[in-house]
Amino acid sequence: MLDMLRREILTLLAAAPLYPQQGSRQSLRLRARSRRNGLAVDSDLHWQPASTAIIICDMWNGHYCQNSVKRIEEIVPRMNHTIAKARALGVRIIHAPSSCMDQYENTPQRARMKAARAAAPPVEIAKWCYLDLKDEAPLPVDDTRQPCDDGVVGERVRRYTRQHPGLTIMEPDGISDSGQEIYNFLEQESIANVAMMGVHTNMCVLGRPFGIRQLTRLGKSVVLARDLTDAMYDPREAPWVSHERGTQLVIEHVERYWCPTIAGADLTALDDGRRS
């Protein structure tokens with residue numbers, strides 16, 4: 001009986017309009033933090049929900065690094081809360097679990113992204129955006145040899161098949177790991193603003209073809225949700241700080257060279273002074 005009632009509720013929710021605020025002139029007020037001469041500088045960004053998307057980067061259902069899995073598990077419920085609130089305001093949600101598209105091939109979310117009108121990007125969309133010293137300094141953490149902080153590091157093999165099941169995918173959302181598909185969709189929907197969240201900050205969040213480096217080069221206004229991300233860093237490597245401090249250093253690097261950061265709560269309410 002309870003299962004039947006739950007299915008009926010989910011059916012009603014799926015059929016209900018999920019963008020009740022799209023006609024509103026109210027905006028999201030993002031308290032954006034950047035770095036200037038090493039110091040944090042705060043400013044406000046005002047984004048219309050209908051012109052804004054969230055991209056969830058590589059929040060997989062497994063990873064070879066078990067400590068990373070534990071931290072992802074901690075992020076998932078907070079991220080799910082954020083995207084649910086943002087979706088209800090009219091923000092578009094794009095799930096991007098790389099190399100898992102086969103799991104979603106017959107879903108409307110996958111079809112939506114593939115069907116977006118082709119758009120010519122102003123710069124090439126790379127398969128991976130590597131660090132370029134013309135654009136930024138070396139990363140503040142050494143992730144080149146061993147980025148996993150497990151006590152005993154296991155073999156680097158694929159341990160994921162799809163996005164983490166704790167992250168709810170709704171009918172209006174999109175699913176893609178293609179930089180071109182995502183760009184097509186953003187252009188088709190007149191989306192100029194993108195909030196990035198997910199893992200790992202110093203790797204996929206920066207480097208993917210839908211990541212911060214690429215989106216910035218494509219002319220999008222980008223922010224990173226600094227409380228909904230995590231770096232891949234082992235304190236046994238330079239600069240020999242805690243994992244938490246290593247993640248903070250990477251976030252500060254992003255703030256200095258690429259884009260501002262925000263708190264995820266900034267995406268959950270219109271600019272009436274309230275956050276939920």
# chains A, B, ... in the order shown; residues from 1 in each chain; ligands from 1
call {"tool": "select_by_dssp", "arguments": {"residues": "stretch 4-171 of chain A", "states": "strand (DSSP E)", "output": "list in words"}}
result
Leu28, Arg29, Leu30, Arg31, Ala32, Arg33, Ser34, Arg35, Arg36, Leu39, Ala40, Val41, Asp42, Ser43, Asp44, Leu45, His46, Trp47, Thr52, Ala53, Ile54, Ile55, Ile56, Cys57, Arg92, Ile93, Ile94, His95 and Ala96 of chain A
call {"tool": "residues_around", "arguments": {"residues": "A:Gln66", "least_positions_apart": "6", "cutoff": "12 Å", "atoms": "only C-alpha atoms", "output": "PDB file with N, CA and C atoms, in the first residue's frame"}}
result
ATOM      1  N   ILE A  72      32.279  11.830  -1.150  1.00  0.00           N
ATOM      2  CA  ILE A  72      31.165  11.988  -2.097  1.00  0.00           C
ATOM      3  C   ILE A  72      29.845  11.671  -1.409  1.00  0.00           C
ATOM      4  N   GLU A  73      29.839  10.603  -0.613  1.00  0.00           N
ATOM      5  CA  GLU A  73      28.627  10.230   0.117  1.00  0.00           C
ATOM      6  C   GLU A  73      28.158  11.361   1.032  1.00  0.00           C
ATOM      7  N   PRO A 147      47.229  10.644  -6.167  1.00  0.00           N
ATOM      8  CA  PRO A 147      46.268  11.598  -5.614  1.00  0.00           C
ATOM      9  C   PRO A 147      45.323  11.008  -4.569  1.00  0.00           C
ATOM     10  N   CYS A 148      45.326   9.681  -4.391  1.00  0.00           N
ATOM     11  CA  CYS A 148      44.391   9.044  -3.462  1.00  0.00           C
ATOM     12  C   CYS A 148      44.975   9.008  -2.057  1.00  0.00           C
ATOM     13  N   ASP A 149      44.167   9.372  -1.073  1.00  0.00           N
ATOM     14  CA  ASP A 149      44.645   9.442   0.304  1.00  0.00           C
ATOM     15  C   ASP A 149      44.247   8.235   1.157  1.00  0.00           C
ATOM     16  N   ASP A 150      43.885   7.124   0.531  1.00  0.00           N
ATOM     17  CA  ASP A 150      43.635   5.897   1.293  1.00  0.00           C
ATOM     18  C   ASP A 150      44.906   5.462   2.018  1.00  0.00           C
ATOM     19  N   GLY A 151      44.732   4.803   3.167  1.00  0.00           N
ATOM     20  CA  GLY A 151      45.888   4.269   3.869  1.00  0.00           C
ATOM     21  C   GLY A 151      46.653   3.282   3.007  1.00  0.00           C
ATOM     22  N   VAL A 152      45.937   2.380   2.366  1.00  0.00           N
ATOM     23  CA  VAL A 152      46.497   1.472   1.373  1.00  0.00           C
ATOM     24  C   VAL A 152      45.749   1.722   0.081  1.00  0.00           C
ATOM     25  N   VAL A 153      46.435   2.231  -0.913  1.00  0.00           N
ATOM     26  CA  VAL A 153      45.786   2.632  -2.165  1.00  0.00           C
ATOM     27  C   VAL A 153      45.596   1.422  -3.056  1.00  0.00           C
ATOM     28  N   GLY A 154      44.373   1.199  -3.472  1.00  0.00           N
ATOM     29  CA  GLY A 154      44.060   0.081  -4.348  1.00  0.00           C
ATOM     30  C   GLY A 154      44.396   0.360  -5.795  1.00  0.00           C
ATOM     31  N   GLU A 155      44.172  -0.632  -6.613  1.00  0.00           N
ATOM     32  CA  GLU A 155      44.452  -0.524  -8.047  1.00  0.00           C
ATOM     33  C   GLU A 155      43.545   0.511  -8.688  1.00  0.00           C
ATOM     34  N   ARG A 156      44.101   1.288  -9.600  1.00  0.00           N
ATOM     35  CA  ARG A 156      43.316   2.310 -10.297  1.00  0.00           C
ATOM     36  C   ARG A 156      42.489   1.661 -11.401  1.00  0.00           C
ATOM     37  N   ARG A 159      35.483   1.709 -11.060  1.00  0.00           N
ATOM     38  CA  ARG A 159      34.563   1.128 -10.088  1.00  0.00           C
ATOM     39  C   ARG A 159      33.198   1.832 -10.128  1.00  0.00           C
ATOM     40  N   MET A 232      40.984  15.791  -5.451  1.00  0.00           N
ATOM     41  CA  MET A 232      41.650  14.491  -5.397  1.00  0.00           C
ATOM     42  C   MET A 232      43.090  14.782  -4.999  1.00  0.00           C
TER      43      MET A 232
END
call {"tool": "atom_distance", "arguments": {"atom1": "atom CA of A:Glu252", "atom2": "atom CA of A:Leu39"}}
result
9.5 Å
call {"tool": "closest_residue", "arguments": {"among": "A:Arg256, A:Val69, A:Asp266, A:Arg208", "to": "A:Ser27", "atoms": "only C-alpha atoms"}}
result
A:Asp266
call {"tool": "residues_around", "arguments": {"residues": "A:Pro97", "least_positions_apart": "5", "cutoff": "10 Å", "atoms": "only C-alpha atoms", "output": "PyMOL selection string"}}
result
chain A and resi 55-61+160-164+175-177+198
call {"tool": "write_last_selection", "arguments": {"atoms": "N, CA and C atoms", "output": "compact mmCIF listing (two decimals), in the first residue's frame"}}
result
# COMPACT_ATOMS: atom_id res chain seq x y z
N ILE A 55 25.67 22.22 -13.66
CA ILE A 55 26.27 21.00 -14.21
C ILE A 55 26.88 20.21 -13.06
N ILE A 56 26.48 18.95 -12.97
CA ILE A 56 26.96 18.05 -11.92
C ILE A 56 28.02 17.14 -12.52
N CYS A 57 29.25 17.34 -12.13
CA CYS A 57 30.39 16.68 -12.76
C CYS A 57 30.79 15.40 -12.03
N ASP A 58 30.69 14.27 -12.71
CA ASP A 58 31.31 13.00 -12.32
C ASP A 58 31.04 12.58 -10.88
N MET A 59 29.81 12.76 -10.45
CA MET A 59 29.40 12.25 -9.14
C MET A 59 28.99 10.78 -9.31
N TRP A 60 30.00 9.94 -9.53
CA TRP A 60 29.76 8.54 -9.85
C TRP A 60 29.30 7.73 -8.64
N ASN A 61 28.87 6.51 -8.92
CA ASN A 61 28.42 5.61 -7.86
C ASN A 61 29.56 4.76 -7.30
N TYR A 160 32.88 2.44 -11.23
CA TYR A 160 31.61 3.15 -11.35
C TYR A 160 30.92 2.73 -12.63
N THR A 161 29.59 2.84 -12.63
CA THR A 161 28.79 2.49 -13.80
C THR A 161 27.81 3.59 -14.18
N ARG A 162 27.51 4.49 -13.23
CA ARG A 162 26.49 5.51 -13.46
C ARG A 162 26.66 6.61 -12.42
N GLN A 163 25.76 7.59 -12.45
CA GLN A 163 25.76 8.62 -11.43
C GLN A 163 25.30 8.04 -10.10
N HIS A 164 25.73 8.66 -9.01
CA HIS A 164 25.33 8.20 -7.69
C HIS A 164 23.80 8.17 -7.59
N ILE A 175 21.04 14.88 -19.46
CA ILE A 175 22.16 14.00 -19.13
C ILE A 175 23.11 13.98 -20.33
N SER A 176 24.36 14.36 -20.10
CA SER A 176 25.35 14.34 -21.17
C SER A 176 26.74 14.47 -20.59
N ASP A 177 27.72 13.85 -21.26
CA ASP A 177 29.12 14.09 -20.93
C ASP A 177 29.86 14.69 -22.13
N GLY A 198 30.48 19.13 -8.10
CA GLY A 198 30.89 17.76 -8.34
C GLY A 198 32.37 17.56 -8.08
call {"tool": "residues_around", "arguments": {"residues": "A:Leu270", "least_positions_apart": "4", "cutoff": "7 Å", "atoms": "only C-alpha atoms", "output": "short mmCIF file (atom, residue, chain, number, x, y, z; two decimals) with C-alpha atoms, in the first residue's frame"}}
result
data_model
loop_
_atom_site.label_atom_id
_atom_site.label_comp_id
_atom_site.auth_asym_id
_atom_site.auth_seq_id
_atom_site.Cartn_x
_atom_site.Cartn_y
_atom_site.Cartn_z
CA GLN A 26 13.41 38.12 -9.29
CA SER A 27 16.88 36.72 -9.62
CA LEU A 28 19.29 34.52 -7.77
CA ARG A 29 21.74 36.62 -5.80
#
call {"tool": "closest_residue", "arguments": {"among": "A:Gln214, A:Thr229, A:Ser242, A:Thr52", "to": "A:Leu131", "atoms": "only C-alpha atoms"}}
result
A:Gln214
call {"tool": "residues_around", "arguments": {"residues": "stretch 138-143 of chain A", "least_positions_apart": "6", "cutoff": "7 Å", "atoms": "only C-alpha atoms", "output": "list in words"}}
result
Tyr233, Glu237, Ala238, Pro239, Gly246, Leu249 and Val250 of chain A
call {"tool": "atom_distance", "arguments": {"atom1": "atom CA of A:Lys127", "atom2": "atom CA of A:Thr144"}}
result
19.4 Å
call {"tool": "closest_residue", "arguments": {"among": "A:Thr168, A:Ser34, A:Asn193, A:Gln109", "to": "A:His81", "atoms": "only C-alpha atoms"}}
result
A:Thr168
call {"tool": "closest_residue", "arguments": {"among": "A:Ala126, A:Trp258, A:Pro209, A:Arg226", "to": "A:Glu244", "atoms": "only C-alpha atoms"}}
result
A:Arg226
call {"tool": "closest_residue", "arguments": {"among": "A:Ser98, A:Ser221, A:Asn202, A:Ser68", "to": "A:Ile251", "atoms": "only C-alpha atoms"}}
result
A:Asn202
call {"tool": "closest_residue", "arguments": {"among": "A:Thr247, A:Gln48, A:Ser43, A:Asn67", "to": "A:Gly90", "atoms": "only C-alpha atoms"}}
result
A:Gln48
call {"tool": "atom_distance", "arguments": {"atom1": "atom CA of A:Glu171", "atom2": "atom CA of A:Lys85"}}
result
15.0 Å
call {"tool": "residues_around", "arguments": {"residues": "A:Asp230", "least_positions_apart": "3", "cutoff": "6 Å", "atoms": "only C-alpha atoms", "output": "list in words"}}
result
Val199, His200 and Thr201 of chain A
call {"tool": "select_by_dssp", "arguments": {"residues": "stretch 18-169 of chain A", "states": "alpha helix (DSSP H)", "output": "count of residues only"}}
result
31
call {"tool": "residues_around", "arguments": {"residues": "A:Ala115", "least_positions_apart": "2", "cutoff": "9 Å", "atoms": "only C-alpha atoms", "output": "ChimeraX atom specification"}}
result
/A:110-113,117-118,181,184-185
call {"tool": "write_last_selection", "arguments": {"atoms": "all heavy atoms", "output": "compact mmCIF listing (two decimals), in the first residue's frame"}}
result
# COMPACT_ATOMS: atom_id res chain seq x y z
N ARG A 110 18.44 12.06 -21.59
CA ARG A 110 19.54 11.86 -22.56
C ARG A 110 19.10 12.34 -23.95
O ARG A 110 19.86 13.01 -24.66
CB ARG A 110 19.93 10.38 -22.59
CG ARG A 110 21.09 10.07 -23.51
CD ARG A 110 22.42 10.46 -22.90
NE ARG A 110 23.49 10.41 -23.90
CZ ARG A 110 23.93 11.47 -24.54
NH1 ARG A 110 23.42 12.67 -24.32
NH2 ARG A 110 24.91 11.34 -25.42
N ALA A 111 17.88 12.01 -24.32
CA ALA A 111 17.36 12.41 -25.63
C ALA A 111 17.31 13.93 -25.76
O ALA A 111 17.58 14.48 -26.83
CB ALA A 111 15.98 11.81 -25.85
N ARG A 112 16.97 14.59 -24.67
CA ARG A 112 16.87 16.06 -24.69
C ARG A 112 18.20 16.70 -25.08
O ARG A 112 18.25 17.66 -25.85
CB ARG A 112 16.42 16.55 -23.31
CG ARG A 112 16.34 18.05 -23.16
CD ARG A 112 15.69 18.45 -21.84
NE ARG A 112 14.30 18.06 -21.83
CZ ARG A 112 13.78 17.11 -21.04
NH1 ARG A 112 14.55 16.47 -20.18
NH2 ARG A 112 12.51 16.81 -21.11
N MET A 113 19.28 16.17 -24.54
CA MET A 113 20.59 16.75 -24.83
C MET A 113 21.03 16.45 -26.26
O MET A 113 21.59 17.30 -26.95
CB MET A 113 21.63 16.23 -23.84
CG MET A 113 21.30 16.52 -22.38
SD MET A 113 21.05 18.28 -22.02
CE MET A 113 22.71 18.89 -22.24
N ARG A 117 19.63 21.81 -30.75
CA ARG A 117 20.10 22.32 -32.04
C ARG A 117 21.61 22.54 -32.03
O ARG A 117 22.17 23.05 -31.06
CB ARG A 117 19.42 23.65 -32.36
CG ARG A 117 17.94 23.57 -32.63
CD ARG A 117 17.44 24.90 -33.18
NE ARG A 117 17.74 26.00 -32.28
CZ ARG A 117 16.96 26.40 -31.29
NH1 ARG A 117 15.82 25.77 -31.05
NH2 ARG A 117 17.29 27.42 -30.52
N ALA A 118 22.24 22.17 -33.13
CA ALA A 118 23.69 22.34 -33.24
C ALA A 118 24.05 23.82 -33.18
O ALA A 118 23.39 24.66 -33.80
CB ALA A 118 24.20 21.72 -34.53
N GLU A 181 27.42 18.69 -27.00
CA GLU A 181 25.99 18.56 -26.69
C GLU A 181 25.56 19.57 -25.63
O GLU A 181 24.52 20.21 -25.75
CB GLU A 181 25.68 17.15 -26.19
CG GLU A 181 25.65 16.08 -27.25
CD GLU A 181 25.31 14.71 -26.68
OE1 GLU A 181 25.09 14.60 -25.45
OE2 GLU A 181 25.28 13.75 -27.47
N ASN A 184 25.47 22.99 -27.12
CA ASN A 184 24.28 23.11 -27.96
C ASN A 184 23.06 23.43 -27.11
O ASN A 184 22.26 24.32 -27.43
CB ASN A 184 24.02 21.81 -28.73
CG ASN A 184 25.06 21.52 -29.79
OD1 ASN A 184 25.84 22.39 -30.18
ND2 ASN A 184 25.08 20.29 -30.26
N PHE A 185 22.91 22.68 -26.02
CA PHE A 185 21.74 22.85 -25.16
C PHE A 185 21.75 24.23 -24.49
O PHE A 185 20.72 24.91 -24.44
CB PHE A 185 21.72 21.75 -24.10
CG PHE A 185 20.53 21.82 -23.17
CD1 PHE A 185 19.29 21.38 -23.59
CD2 PHE A 185 20.67 22.33 -21.90
CE1 PHE A 185 18.19 21.46 -22.73
CE2 PHE A 185 19.59 22.41 -21.04
CZ PHE A 185 18.34 21.97 -21.46
call {"tool": "decode", "arguments": {"residues": "stretch 56-154 of chain A", "atoms": "C-alpha atoms", "output": "compact mmCIF listing (two decimals), in the first residue's frame"}}
result
# COMPACT_ATOMS: atom_id res chain seq x y z
CA ILE A 56 26.96 18.05 -11.92
CA CYS A 57 30.39 16.68 -12.76
CA ASP A 58 31.31 13.00 -12.32
CA MET A 59 29.40 12.25 -9.14
CA TRP A 60 29.76 8.54 -9.85
CA ASN A 61 28.42 5.61 -7.86
CA GLY A 62 31.95 4.32 -7.12
CA HIS A 63 35.65 5.13 -7.24
CA TYR A 64 38.93 3.31 -6.72
CA CYS A 65 39.80 5.71 -3.88
CA GLN A 66 37.64 4.76 -0.91
CA ASN A 67 38.20 7.98 1.02
CA SER A 68 36.96 9.84 -2.03
CA VAL A 69 33.83 7.68 -1.99
CA LYS A 70 33.22 8.59 1.66
CA ARG A 71 33.48 12.29 0.91
CA ILE A 72 31.17 11.99 -2.10
CA GLU A 73 28.63 10.23 0.12
CA GLU A 74 28.73 13.24 2.44
CA ILE A 75 28.18 15.67 -0.44
CA VAL A 76 25.30 13.79 -2.10
CA PRO A 77 22.40 14.70 0.26
CA ARG A 78 23.43 18.36 0.37
CA MET A 79 23.80 18.47 -3.39
CA ASN A 80 20.45 16.77 -3.89
CA HIS A 81 18.79 19.38 -1.66
CA THR A 82 20.40 22.19 -3.64
CA ILE A 83 19.46 20.92 -7.08
CA ALA A 84 15.88 20.20 -6.00
CA LYS A 85 15.44 23.78 -4.76
CA ALA A 86 17.17 25.24 -7.81
CA ARG A 87 15.13 23.14 -10.22
CA ALA A 88 11.91 24.39 -8.63
CA LEU A 89 13.05 27.97 -9.31
CA GLY A 90 13.62 27.29 -13.00
CA VAL A 91 17.34 26.48 -13.04
CA ARG A 92 18.17 23.73 -15.53
CA ILE A 93 20.01 20.69 -14.17
CA ILE A 94 22.54 18.81 -16.32
CA HIS A 95 23.88 15.52 -14.97
CA ALA A 96 27.31 14.74 -16.40
CA PRO A 97 28.59 11.36 -15.15
CA SER A 98 31.35 10.88 -17.72
CA SER A 99 31.63 7.57 -19.61
CA CYS A 100 28.24 6.37 -18.32
CA MET A 101 25.93 7.50 -21.12
CA ASP A 102 24.99 3.92 -22.06
CA GLN A 103 23.08 3.66 -18.78
CA TYR A 104 20.82 6.54 -19.79
CA GLU A 105 20.49 5.97 -23.52
CA ASN A 106 16.71 5.43 -23.53
CA THR A 107 15.82 8.21 -21.13
CA PRO A 108 14.14 11.52 -22.03
CA GLN A 109 16.95 13.36 -20.23
CA ARG A 110 19.54 11.86 -22.56
CA ALA A 111 17.36 12.41 -25.63
CA ARG A 112 16.87 16.06 -24.69
CA MET A 113 20.59 16.75 -24.83
CA LYS A 114 21.16 14.88 -28.09
CA ALA A 115 18.26 16.69 -29.74
CA ALA A 116 19.48 20.21 -28.94
CA ARG A 117 20.10 22.32 -32.04
CA ALA A 118 23.69 22.34 -33.24
CA ALA A 119 25.59 25.50 -32.31
CA ALA A 120 28.98 26.67 -33.54
CA PRO A 121 31.26 27.33 -30.55
CA PRO A 122 33.48 30.43 -30.61
CA VAL A 123 36.51 28.26 -29.75
CA GLU A 124 37.27 24.58 -30.18
CA ILE A 125 35.73 22.29 -27.58
CA ALA A 126 38.61 20.11 -26.47
CA LYS A 127 38.36 16.51 -25.36
CA TRP A 128 40.24 17.61 -22.24
CA CYS A 129 41.36 21.08 -21.18
CA TYR A 130 44.83 20.62 -19.75
CA LEU A 131 46.55 23.15 -17.54
CA ASP A 132 48.19 25.81 -19.70
CA LEU A 133 50.76 28.02 -17.99
CA LYS A 134 49.71 30.89 -20.25
CA ASP A 135 46.39 30.95 -18.41
CA GLU A 136 47.19 29.88 -14.87
CA ALA A 137 49.94 28.92 -12.45
CA PRO A 138 50.64 25.26 -11.61
CA LEU A 139 48.05 23.71 -9.34
CA PRO A 140 48.77 24.25 -5.63
CA VAL A 141 48.63 20.50 -4.87
CA ASP A 142 50.65 17.68 -6.43
CA ASP A 143 48.24 15.19 -7.96
CA THR A 144 50.66 13.80 -10.55
CA ARG A 145 51.96 10.71 -8.74
CA GLN A 146 49.39 9.50 -6.21
CA PRO A 147 46.27 11.60 -5.61
CA CYS A 148 44.39 9.04 -3.46
CA ASP A 149 44.65 9.44 0.30
CA ASP A 150 43.63 5.90 1.29
CA GLY A 151 45.89 4.27 3.87
CA VAL A 152 46.50 1.47 1.37
CA VAL A 153 45.79 2.63 -2.16
CA GLY A 154 44.06 0.08 -4.35
